[in-house]
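Here is query16.tsv, consisting of TSV, C-alpha atoms and all ligand atoms:
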chain	number	residue	atom	x	y	z
A	1	MET	CA	0.00	0.00	0.00
A	2	SER	CA	1.44	3.39	-0.98
A	3	GLU	CA	1.29	6.11	1.54
A	4	LYS	CA	-0.98	9.05	0.90
A	5	PRO	CA	1.24	12.01	-0.21
A	6	ASN	CA	1.20	14.86	2.24
A	7	PRO	CA	-0.43	18.11	1.08
A	8	THR	CA	2.84	19.94	0.53
A	9	GLU	CA	4.25	17.16	-1.61
A	10	LEU	CA	1.02	17.06	-3.55
A	11	SER	CA	1.11	20.80	-4.28
A	12	GLU	CA	4.71	20.62	-5.35
A	13	GLY	CA	3.98	17.63	-7.57
A	14	ILE	CA	1.17	19.49	-9.29
A	15	ASP	CA	3.41	22.49	-9.68
A	16	ARG	CA	6.10	20.45	-11.37
A	17	ALA	CA	3.65	18.72	-13.64
A	18	LEU	CA	2.15	22.07	-14.72
A	19	GLU	CA	5.61	23.51	-15.30
A	20	ALA	CA	6.59	20.53	-17.47
A	21	LEU	CA	3.40	20.88	-19.53
A	22	ARG	CA	3.97	24.59	-20.01
A	23	GLU	CA	7.55	24.14	-21.16
A	24	GLY	CA	6.81	21.43	-23.67
A	25	LEU	CA	3.76	23.15	-25.05
A	26	ASP	CA	5.24	25.23	-27.90
A	27	ALA	CA	7.31	22.34	-29.22
A	28	ARG	CA	4.39	19.89	-29.08
A	29	PHE	CA	2.06	22.11	-31.04
A	30	ALA	CA	4.74	23.33	-33.42
A	31	SER	CA	5.52	19.77	-34.46
A	32	ALA	CA	1.88	19.14	-35.47
A	33	ALA	CA	2.08	19.53	-39.25
A	34	THR	CA	-1.61	19.16	-40.06
A	35	GLU	CA	-4.82	20.44	-38.55
A	36	GLN	CA	-5.76	16.90	-37.56
A	37	ALA	CA	-2.41	16.29	-35.84
A	38	LEU	CA	-2.84	19.60	-34.01
A	39	ARG	CA	-6.32	18.69	-32.82
A	40	ASP	CA	-5.10	15.27	-31.67
A	41	GLU	CA	-2.30	16.92	-29.68
A	42	ASN	CA	-4.79	19.34	-28.13
A	43	ALA	CA	-7.01	16.44	-27.10
A	44	LYS	CA	-4.03	14.74	-25.41
A	45	LEU	CA	-3.85	17.79	-23.13
A	46	LEU	CA	-7.43	18.95	-22.64
A	47	GLY	CA	-9.48	15.88	-23.56
A	48	LYS	CA	-11.34	13.69	-21.03
A	49	LYS	CA	-8.23	11.61	-20.51
A	50	GLY	CA	-5.88	14.52	-21.23
A	51	GLU	CA	-2.78	15.35	-19.26
A	52	LEU	CA	-4.03	18.67	-17.94
A	53	THR	CA	-7.38	17.09	-17.12
A	54	ALA	CA	-5.53	14.49	-15.07
A	55	VAL	CA	-3.81	17.27	-13.12
A	56	LEU	CA	-7.13	18.98	-12.53
A	57	LYS	CA	-8.53	15.78	-11.08
A	58	GLN	CA	-5.91	15.87	-8.33
A	59	MET	CA	-7.12	19.27	-7.14
A	60	GLY	CA	-9.66	17.68	-4.83
A	61	ALA	CA	-6.90	16.34	-2.63
A	62	VAL	CA	-5.21	19.73	-2.25
A	63	PRO	CA	-5.97	21.37	1.08
A	64	ALA	CA	-8.31	24.28	0.90
A	65	ASP	CA	-5.74	26.96	1.75
A	66	ALA	CA	-3.45	25.96	-1.15
A	67	ARG	CA	-6.20	25.21	-3.61
A	68	ARG	CA	-6.71	28.76	-4.76
A	69	ALA	CA	-3.05	29.37	-5.68
A	70	ILE	CA	-2.79	26.05	-7.51
A	71	GLY	CA	-6.14	26.60	-9.20
A	72	GLU	CA	-4.88	29.86	-10.65
A	73	LYS	CA	-1.77	28.14	-12.02
A	74	VAL	CA	-3.85	25.38	-13.59
A	75	ASN	CA	-6.09	27.97	-15.23
A	76	ALA	CA	-3.12	29.92	-16.50
A	77	VAL	CA	-1.68	26.79	-18.11
A	78	LYS	CA	-5.07	25.90	-19.59
A	79	GLN	CA	-5.35	29.35	-21.14
A	80	GLN	CA	-1.83	29.06	-22.46
A	81	VAL	CA	-2.71	25.72	-24.08
A	82	GLU	CA	-5.79	27.25	-25.70
A	83	ALA	CA	-3.90	30.31	-26.93
A	84	THR	CA	-1.04	28.25	-28.32
A	85	PHE	CA	-3.49	25.92	-30.02
A	86	ALA	CA	-5.38	28.82	-31.61
A	87	ALA	CA	-2.16	30.46	-32.79
A	88	ARG	CA	-0.85	27.26	-34.36
A	89	LEU	CA	-4.20	26.57	-36.00
A	90	ALA	CA	-4.23	30.04	-37.56
A	91	GLU	CA	-0.66	29.45	-38.73
A	92	LEU	CA	-1.63	26.18	-40.42
A	93	HIS	CA	-4.62	27.85	-42.14
A	94	ARG	CA	-2.43	30.69	-43.35
A	95	ALA	CA	0.12	28.25	-44.72
A	96	ALA	CA	-2.56	26.25	-46.51
A	97	ARG	CA	-4.02	29.40	-48.08
A	98	GLN	CA	-0.57	30.58	-49.05
A	99	ALA	CA	0.16	27.25	-50.73
A	100	GLU	CA	-3.09	27.57	-52.63
A	101	LEU	CA	-2.26	31.11	-53.77
A	102	THR	CA	1.29	30.43	-54.85
A	103	ALA	CA	0.62	27.11	-56.58
A	104	PRO	CA	0.24	27.38	-60.38
A	105	PRO	CA	-3.38	28.49	-61.02
A	106	PHE	CA	-4.10	25.55	-63.28
A	107	ASP	CA	-2.33	22.66	-64.80
A	108	LEU	CA	-1.31	23.62	-68.31
A	109	THR	CA	-0.50	20.03	-69.15
A	110	LEU	CA	-4.08	18.78	-68.57
A	111	PRO	CA	-5.82	17.73	-71.80
A	112	GLY	CA	-8.55	20.19	-72.85
A	113	ARG	CA	-12.20	19.62	-72.03
A	114	ALA	CA	-14.43	19.18	-75.08
A	115	PRO	CA	-17.09	21.92	-75.38
A	116	ALA	CA	-20.66	20.83	-74.62
A	117	PRO	CA	-22.32	19.63	-77.81
A	118	LEU	CA	-24.25	22.36	-79.63
A	119	GLY	CA	-27.96	22.02	-80.29
A	120	HIS	CA	-29.25	21.57	-83.83
A	121	ALA	CA	-32.01	23.29	-85.72
A	122	HIS	CA	-34.92	20.90	-86.38
A	123	PRO	CA	-35.43	20.00	-90.06
A	124	ILE	CA	-38.87	21.65	-89.92
A	125	SER	CA	-37.26	24.90	-88.72
A	126	ILE	CA	-34.50	24.62	-91.31
A	127	VAL	CA	-36.94	24.23	-94.20
A	128	ARG	CA	-39.33	26.88	-92.83
A	129	ASP	CA	-36.51	29.42	-92.50
A	130	GLU	CA	-35.29	28.66	-96.01
A	131	VAL	CA	-38.72	29.04	-97.58
A	132	VAL	CA	-39.41	32.24	-95.62
A	133	ALA	CA	-36.04	33.63	-96.70
A	134	ILE	CA	-36.76	32.86	-100.36
A	135	PHE	CA	-40.13	34.64	-100.27
A	136	ARG	CA	-38.74	37.57	-98.31
A	137	GLY	CA	-36.14	37.84	-101.03
A	138	LEU	CA	-39.01	38.15	-103.53
A	139	GLY	CA	-40.54	40.99	-101.51
A	140	PHE	CA	-43.12	39.13	-99.38
A	141	GLY	CA	-43.66	40.12	-95.75
A	142	VAL	CA	-44.56	37.72	-92.90
A	143	PHE	CA	-48.12	37.66	-91.49
A	144	ASP	CA	-49.03	35.75	-88.33
A	145	GLY	CA	-52.30	34.52	-86.86
A	146	PRO	CA	-53.80	32.25	-84.17
A	147	GLU	CA	-53.93	28.47	-84.17
A	148	VAL	CA	-57.39	28.44	-82.54
A	149	GLU	CA	-59.50	30.01	-85.24
A	150	HIS	CA	-63.12	30.94	-85.88
A	151	GLU	CA	-64.74	28.70	-88.50
A	152	GLU	CA	-65.50	31.80	-90.53
A	153	ASN	CA	-61.80	32.50	-91.13
A	154	ASN	CA	-60.84	28.86	-91.48
A	155	PHE	CA	-63.74	27.72	-93.71
A	156	THR	CA	-66.67	30.00	-94.51
A	157	LEU	CA	-64.90	33.00	-96.03
A	158	LEU	CA	-62.64	30.64	-97.96
A	159	GLY	CA	-65.68	29.28	-99.78
A	160	PHE	CA	-66.08	25.94	-97.99
A	161	PRO	CA	-69.77	24.95	-98.05
A	162	PRO	CA	-71.20	24.14	-94.58
A	163	ASP	CA	-71.36	20.42	-95.36
A	164	HIS	CA	-67.80	20.16	-96.67
A	165	PRO	CA	-66.13	17.04	-95.17
A	166	ALA	CA	-63.24	19.14	-93.76
A	167	THR	CA	-65.73	20.85	-91.45
A	168	ASP	CA	-66.74	17.47	-89.99
A	169	MET	CA	-65.89	16.41	-86.42
A	170	GLN	CA	-64.15	13.41	-87.99
A	171	ASP	CA	-61.67	15.60	-89.82
A	172	SER	CA	-61.06	18.65	-87.64
A	173	PHE	CA	-60.41	19.40	-83.96
A	174	TRP	CA	-63.23	21.64	-82.74
A	175	THR	CA	-62.73	23.50	-79.46
A	176	THR	CA	-65.64	25.66	-78.31
A	177	SER	CA	-68.60	26.19	-80.62
A	178	ASN	CA	-67.56	27.78	-83.94
A	179	HIS	CA	-63.87	27.54	-83.07
A	180	LEU	CA	-61.38	24.90	-84.12
A	181	LEU	CA	-57.66	24.28	-84.39
A	182	ARG	CA	-56.96	25.72	-87.82
A	183	THR	CA	-56.76	23.02	-90.47
A	184	HIS	CA	-54.48	25.07	-92.74
A	185	THR	CA	-52.63	28.39	-92.87
A	186	SER	CA	-55.10	29.72	-95.46
A	187	ASN	CA	-56.91	31.44	-92.55
A	188	ILE	CA	-54.08	34.00	-92.72
A	189	GLN	CA	-55.20	35.10	-96.20
A	190	VAL	CA	-58.59	35.96	-94.75
A	191	ARG	CA	-57.11	37.78	-91.78
A	192	ALA	CA	-54.73	39.82	-93.94
A	193	MET	CA	-57.43	40.75	-96.47
A	194	LYS	CA	-59.82	41.82	-93.71
A	195	ALA	CA	-57.15	43.89	-91.97
A	196	LEU	CA	-55.30	45.57	-94.85
A	197	GLU	CA	-55.87	47.34	-98.15
A	198	PRO	CA	-54.23	45.86	-101.24
A	199	PRO	CA	-51.68	45.67	-102.70
A	200	MET	CA	-50.19	43.09	-100.36
A	201	ALA	CA	-47.83	40.14	-100.49
A	202	PHE	CA	-47.35	37.91	-97.48
A	203	ILE	CA	-46.03	34.58	-96.36
A	204	ALA	CA	-47.45	32.82	-93.28
A	205	PRO	CA	-45.72	29.82	-91.69
A	206	GLY	CA	-47.32	27.93	-88.81
A	207	ALA	CA	-48.72	24.78	-87.19
A	208	VAL	CA	-51.99	23.27	-88.44
A	209	TYR	CA	-54.15	20.41	-87.15
A	210	ARG	CA	-56.13	17.56	-88.65
A	211	ARG	CA	-57.51	14.23	-87.50
A	212	ASP	CA	-54.99	12.27	-89.55
A	213	ASP	CA	-52.44	9.78	-88.29
A	214	ASP	CA	-50.25	7.42	-90.34
A	215	ALA	CA	-46.70	7.17	-91.72
A	216	THR	CA	-47.07	10.30	-93.85
A	217	HIS	CA	-49.70	12.18	-91.78
A	218	SER	CA	-49.49	13.61	-88.28
A	219	PRO	CA	-52.36	15.30	-86.36
A	220	VAL	CA	-50.16	18.38	-86.07
A	221	PHE	CA	-47.98	19.51	-88.92
A	222	HIS	CA	-46.76	22.73	-90.46
A	223	GLN	CA	-47.64	24.73	-93.53
A	224	ILE	CA	-46.49	27.84	-95.29
A	225	GLU	CA	-49.01	30.00	-97.08
A	226	ALA	CA	-48.04	32.69	-99.57
A	227	PHE	CA	-50.39	35.13	-101.27
A	228	LEU	CA	-50.18	38.27	-103.34
A	229	ILE	CA	-52.94	40.72	-104.26
A	230	ASP	CA	-52.49	43.56	-106.71
A	231	ARG	CA	-54.01	44.96	-109.91
A	232	GLY	CA	-53.91	42.60	-112.86
A	233	VAL	CA	-52.38	39.59	-111.13
A	234	SER	CA	-52.56	36.53	-113.40
A	235	LEU	CA	-51.48	32.91	-113.57
A	236	ALA	CA	-48.32	34.12	-115.29
A	237	HIS	CA	-47.26	35.91	-112.09
A	238	LEU	CA	-48.00	32.79	-110.07
A	239	LYS	CA	-45.99	30.61	-112.43
A	240	GLY	CA	-43.08	33.02	-112.35
A	241	VAL	CA	-42.96	33.02	-108.57
A	242	LEU	CA	-43.24	29.21	-108.48
A	243	ALA	CA	-40.38	28.74	-110.95
A	244	GLU	CA	-38.19	31.13	-108.99
A	245	PHE	CA	-39.09	29.44	-105.72
A	246	ALA	CA	-38.33	25.93	-107.06
A	247	GLU	CA	-34.97	27.04	-108.41
A	248	ARG	CA	-33.97	28.68	-105.16
A	249	LEU	CA	-35.11	25.76	-102.98
A	250	TYR	CA	-34.13	22.80	-105.15
A	251	GLY	CA	-31.46	24.21	-107.45
A	252	PRO	CA	-31.24	25.84	-110.90
A	253	GLY	CA	-33.12	24.15	-113.72
A	254	THR	CA	-35.62	22.35	-111.44
A	255	PRO	CA	-38.62	21.64	-113.72
A	256	VAL	CA	-42.04	22.83	-112.50
A	257	ARG	CA	-45.50	21.90	-113.78
A	258	LEU	CA	-49.04	22.86	-112.82
A	259	ARG	CA	-51.85	20.29	-112.82
A	260	PRO	CA	-55.43	21.55	-112.62
A	261	SER	CA	-56.95	20.84	-109.23
A	262	TYR	CA	-59.72	22.05	-106.96
A	263	PHE	CA	-59.62	24.10	-103.76
A	264	PRO	CA	-62.74	26.08	-102.78
A	265	PHE	CA	-60.88	29.38	-102.40
A	266	VAL	CA	-59.07	29.53	-105.76
A	267	GLU	CA	-60.18	29.62	-109.38
A	268	PRO	CA	-58.48	28.21	-111.28
A	269	GLY	CA	-56.76	25.92	-108.80
A	270	ALA	CA	-53.69	23.79	-109.39
A	271	GLU	CA	-51.29	21.38	-107.81
A	272	VAL	CA	-47.62	21.98	-108.44
A	273	ASP	CA	-45.08	19.26	-109.16
A	274	ILE	CA	-41.35	19.60	-109.40
A	275	GLY	CA	-39.12	17.22	-111.29
A	276	CYS	CA	-38.21	14.39	-108.92
A	277	VAL	CA	-35.13	15.55	-107.00
A	278	PHE	CA	-33.99	11.95	-106.53
A	279	CYS	CA	-34.05	10.42	-109.99
A	280	LYS	CA	-34.22	13.66	-112.03
A	281	GLN	CA	-36.23	11.91	-114.73
A	282	ALA	CA	-39.07	14.37	-115.28
A	283	ASP	CA	-38.38	14.16	-119.03
A	284	GLY	CA	-40.00	10.72	-118.92
A	285	THR	CA	-37.22	8.96	-120.81
A	286	ARG	CA	-36.61	6.47	-118.00
A	287	PRO	CA	-38.94	4.84	-115.45
A	288	GLY	CA	-38.23	7.14	-112.45
A	289	CYS	CA	-37.84	5.94	-108.88
A	290	SER	CA	-40.02	4.71	-106.03
A	291	LEU	CA	-40.05	8.16	-104.33
A	292	CYS	CA	-41.83	9.73	-107.31
A	293	LYS	CA	-43.81	6.53	-107.86
A	294	HIS	CA	-42.06	6.20	-111.24
A	295	THR	CA	-43.65	9.35	-112.63
A	296	GLY	CA	-40.55	11.55	-112.55
A	297	TRP	CA	-42.61	14.23	-110.72
A	298	ILE	CA	-43.24	15.05	-107.08
A	299	GLU	CA	-46.10	17.20	-105.80
A	300	ILE	CA	-45.01	20.04	-103.52
A	301	LEU	CA	-47.92	22.47	-103.11
A	302	GLY	CA	-51.42	23.67	-103.96
A	303	CYS	CA	-52.12	27.05	-105.50
A	304	GLY	CA	-54.41	29.14	-107.65
A	305	LEU	CA	-55.86	32.57	-108.32
A	306	ILE	CA	-57.81	33.80	-105.32
A	307	HIS	CA	-61.52	33.30	-105.96
A	308	PRO	CA	-63.39	36.58	-106.55
A	309	VAL	CA	-65.98	35.50	-103.99
A	310	VAL	CA	-63.22	35.18	-101.38
A	311	LEU	CA	-61.85	38.64	-102.20
A	312	GLU	CA	-65.32	40.15	-102.01
A	313	GLY	CA	-66.18	38.37	-98.75
A	314	CYS	CA	-63.04	39.83	-97.17
A	315	GLY	CA	-63.85	43.37	-98.34
A	316	ILE	CA	-61.70	43.58	-101.46
A	317	ASP	CA	-63.22	44.63	-104.78
A	318	PRO	CA	-62.60	41.79	-107.28
A	319	GLU	CA	-63.20	44.18	-110.20
A	320	GLN	CA	-60.09	46.11	-109.21
A	321	TRP	CA	-57.91	43.53	-107.56
A	322	SER	CA	-56.83	39.98	-108.18
A	323	GLY	CA	-54.32	37.72	-106.51
A	324	PHE	CA	-52.73	34.33	-106.25
A	325	ALA	CA	-52.27	32.05	-103.25
A	326	LEU	CA	-50.27	28.94	-102.57
A	327	GLY	CA	-49.83	26.61	-99.63
A	328	MET	CA	-47.32	23.87	-98.89
A	329	GLY	CA	-46.62	21.36	-96.10
A	330	ILE	CA	-43.24	21.88	-94.46
A	331	GLU	CA	-42.89	18.27	-93.32
A	332	ARG	CA	-43.44	17.01	-96.83
A	333	ILE	CA	-40.72	19.26	-98.20
A	334	ALA	CA	-38.34	18.23	-95.39
A	335	MET	CA	-39.11	14.52	-95.96
A	336	LEU	CA	-38.35	14.89	-99.66
A	337	ARG	CA	-35.28	16.99	-99.07
A	338	TYR	CA	-33.70	14.68	-96.49
A	339	GLY	CA	-35.23	11.33	-97.45
A	340	ILE	CA	-37.03	11.02	-94.07
A	341	PRO	CA	-39.20	7.88	-94.35
A	342	ASN	CA	-41.68	8.51	-91.50
A	343	ILE	CA	-43.23	11.82	-90.44
A	344	LYS	CA	-43.33	10.64	-86.79
A	345	LEU	CA	-39.54	10.87	-86.61
A	346	MET	CA	-39.91	14.63	-86.76
A	347	PHE	CA	-42.05	14.79	-83.62
A	348	GLU	CA	-40.29	12.32	-81.34
A	349	GLY	CA	-37.58	14.75	-80.22
A	350	ASP	CA	-34.81	12.16	-80.48
A	351	PRO	CA	-31.53	14.15	-80.53
A	352	ARG	CA	-29.94	11.49	-82.74
A	353	PHE	CA	-32.49	12.33	-85.41
A	354	VAL	CA	-32.11	16.09	-85.23
A	355	ALA	CA	-28.31	15.86	-85.13
A	356	GLN	CA	-28.30	14.58	-88.73
A	357	PHE	CA	-29.34	17.87	-90.32
B	1	LIG	N1	-55.00	25.11	-97.76
B	1	LIG	C1	-54.69	24.01	-98.62
B	1	LIG	C2	-54.49	22.76	-97.79
B	1	LIG	O1	-54.31	22.86	-96.64
B	1	LIG	C3	-53.43	24.27	-99.39
B	1	LIG	C4	-53.61	25.33	-100.40
B	1	LIG	C5	-54.10	25.03	-101.67
B	1	LIG	C6	-53.32	26.64	-100.09
B	1	LIG	C7	-54.28	25.98	-102.62
B	1	LIG	C8	-53.50	27.64	-101.05
B	1	LIG	C9	-54.00	27.29	-102.34
B	1	LIG	O2	-53.25	28.91	-100.79
B	1	LIG	O3	-54.14	28.26	-103.25
B	1	LIG	O4	-54.50	21.68	-98.34

Encoded form using structure tokens:
Amino acid sequence: MSEKPNPTELSEGIDRALEALREGLDARFASAATEQALRDENAKLLGKKGELTAVLKQMGAVPADARRAIGEKVNAVKQQVEATFAARLAELHRAARQAELTAPPFDLTLPGRAPAPLGHAHPISIVRDEVVAIFRGLGFGVFDGPEVEHEENNFTLLGFPPDHPATDMQDSFWTTSNHLLRTHTSNIQVRAMKALEPPMAFIAPGAVYRRDDDATHSPVFHQIEAFLIDRGVSLAHLKGVLAEFAERLYGPGTPVRLRPSYFPFVEPGAEVDIGCVFCKQADGTRPGCSLCKHTGWIEILGCGLIHPVVLEGCGIDPEQWSGFALGMGIERIAMLRYGIPNIKLMFEGDPRFVAQF
């Protein structure tokens, strides 16, 4: 059994222990090279099982009259530990920041990072922009209008009789009574004629809607309408514009032909073919290809001279003014241009599809 130390010995022992801690303090903290090492060292002193904590635990055995003096020494050492710790910590932080600031800002030997892939214009947008640019080049302006349209602008004023199949629920998307999703961009002719005095020449691109759904038809698709009203406009003007348009879109020398056809809002009406851009056999000397169904010709649009009844209904005097109109499907032109086999591909939003154009 060890003898209990007497109070004087105890005080002196504590004194010595505190002195030893104090002396070693700077060196202990200075040798901690990282923040973690510094914190570990600090814990060895002030932690639950720390050296200074162990000294503190002996205080209970110190007689009351000496306790105050020793207590002050213990506190002084504790404060010194804390101050030294804080100073060393700040020093380590400064050094780390300094290293960061003086290191080369970036590694010039790293291989470059590839730029993020660019988006692509959709083939419908590409073709629309091209057609609009061609007509603008010929002096046409752009006229816009709504996709939800009154039946008067979509059908009635264009000369569709009330029982025309296009007006049927089976063929068109009706919204509220008398309103429907426009079935073509020809509504823009009506809107322009009602709003403006001739002469006028406009092009109108936009989405149109029909209850149609197969490999070559989609319930939503896009059209471009063009129309011109002036004094003495004839089929010759229409043909001239068509020939110019075909050359600019499909290349010089592209053959164009008009076939008589019927649309309620034109008289005469025609469908326009261009020489097949794939087999180029519009001269009929060879049997053509499957894309032109072996005819050598491909249909691209409908057109005609604006019916006098349509002009009159929209407030334009047909005795003074005449005009031509034409309308084409953008998807059809894009499909022909790029050999796209299914119209659905254009509405699926697959980036691998769009990236090809
Ligand atoms: N609106 C017609 C359609 O959607 C296309 C059309 C034909 C427009 C003849 C015209 C035209 O301007 O003159 O099928």

Nearby polymer residues, ligand LIG 1 (chain B), at most 9 Å, all atoms listed in the file, as number ranges by chain: A: 183-187, 189, 208, 223-227, 261-267, 269-271, 301-306, 324-329

Protein, DNA and RNA residues within 8 Å of (-42.6, 14.2, -112.0), all atoms listed in the file, as number ranges by chain: A: 273-276, 281-282, 292, 295-299

For the selection you just gave me, I'd like the residues written to a file as an mmCIF file, keeping the file's coordinate frame, keeping C-alpha atoms.
data_model
loop_
_atom_site.group_PDB
_atom_site.id
_atom_site.type_symbol
_atom_site.label_atom_id
_atom_site.label_comp_id
_atom_site.auth_asym_id
_atom_site.auth_seq_id
_atom_site.Cartn_x
_atom_site.Cartn_y
_atom_site.Cartn_z
ATOM 1 C CA ASP A 273 -45.080 19.260 -109.160
ATOM 2 C CA ILE A 274 -41.350 19.600 -109.400
ATOM 3 C CA GLY A 275 -39.120 17.220 -111.290
ATOM 4 C CA CYS A 276 -38.210 14.390 -108.920
ATOM 5 C CA GLN A 281 -36.230 11.910 -114.730
ATOM 6 C CA ALA A 282 -39.070 14.370 -115.280
ATOM 7 C CA CYS A 292 -41.830 9.730 -107.310
ATOM 8 C CA THR A 295 -43.650 9.350 -112.630
ATOM 9 C CA GLY A 296 -40.550 11.550 -112.550
ATOM 10 C CA TRP A 297 -42.610 14.230 -110.720
ATOM 11 C CA ILE A 298 -43.240 15.050 -107.080
ATOM 12 C CA GLU A 299 -46.100 17.200 -105.800
#

Distance in Å - atom CA of A:Pro199 versus atom CA of A:Ser322: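 If I compute the distance from atom CA of A:Pro199 to atom CA of A:Ser322, I get 9.4 Å.
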
Distance query A:Gly339 at most 12 Å, all atoms listed in the file, self and fewer than 6 positions along chain excluded, as a count of residues only: 12

Atom pair atom CA of A:Ala54 / atom CA of A:Glu35: separation (Å): 24.2 Å

Polymer residues at most 12 Å from stretch 124-137 of chain A, all atoms listed in the file, same-chain spacing of 4 or more positions, as a PyMOL selection string: chain A and resi 120+141-143+201-207+221-228+241-250+326-338+340+343+345-347+349+354+357

Nearest-residue call for A:Glu197, choices A:Glu9, A:Asp15, A:Asp40, A:Asp317, using only C-alpha atoms: A:Asp317

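If you look at atom CA of A:Gln80 and atom CA of A:Ala27, they are 13.2 Å away from each other.
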
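Contact shell of A:Pro219 at 7 Å (only C-alpha atoms; same-chain neighbours under 3 positions omitted): Tyr209, Arg210, Arg211, Asp212 and Asp213 of chain A.
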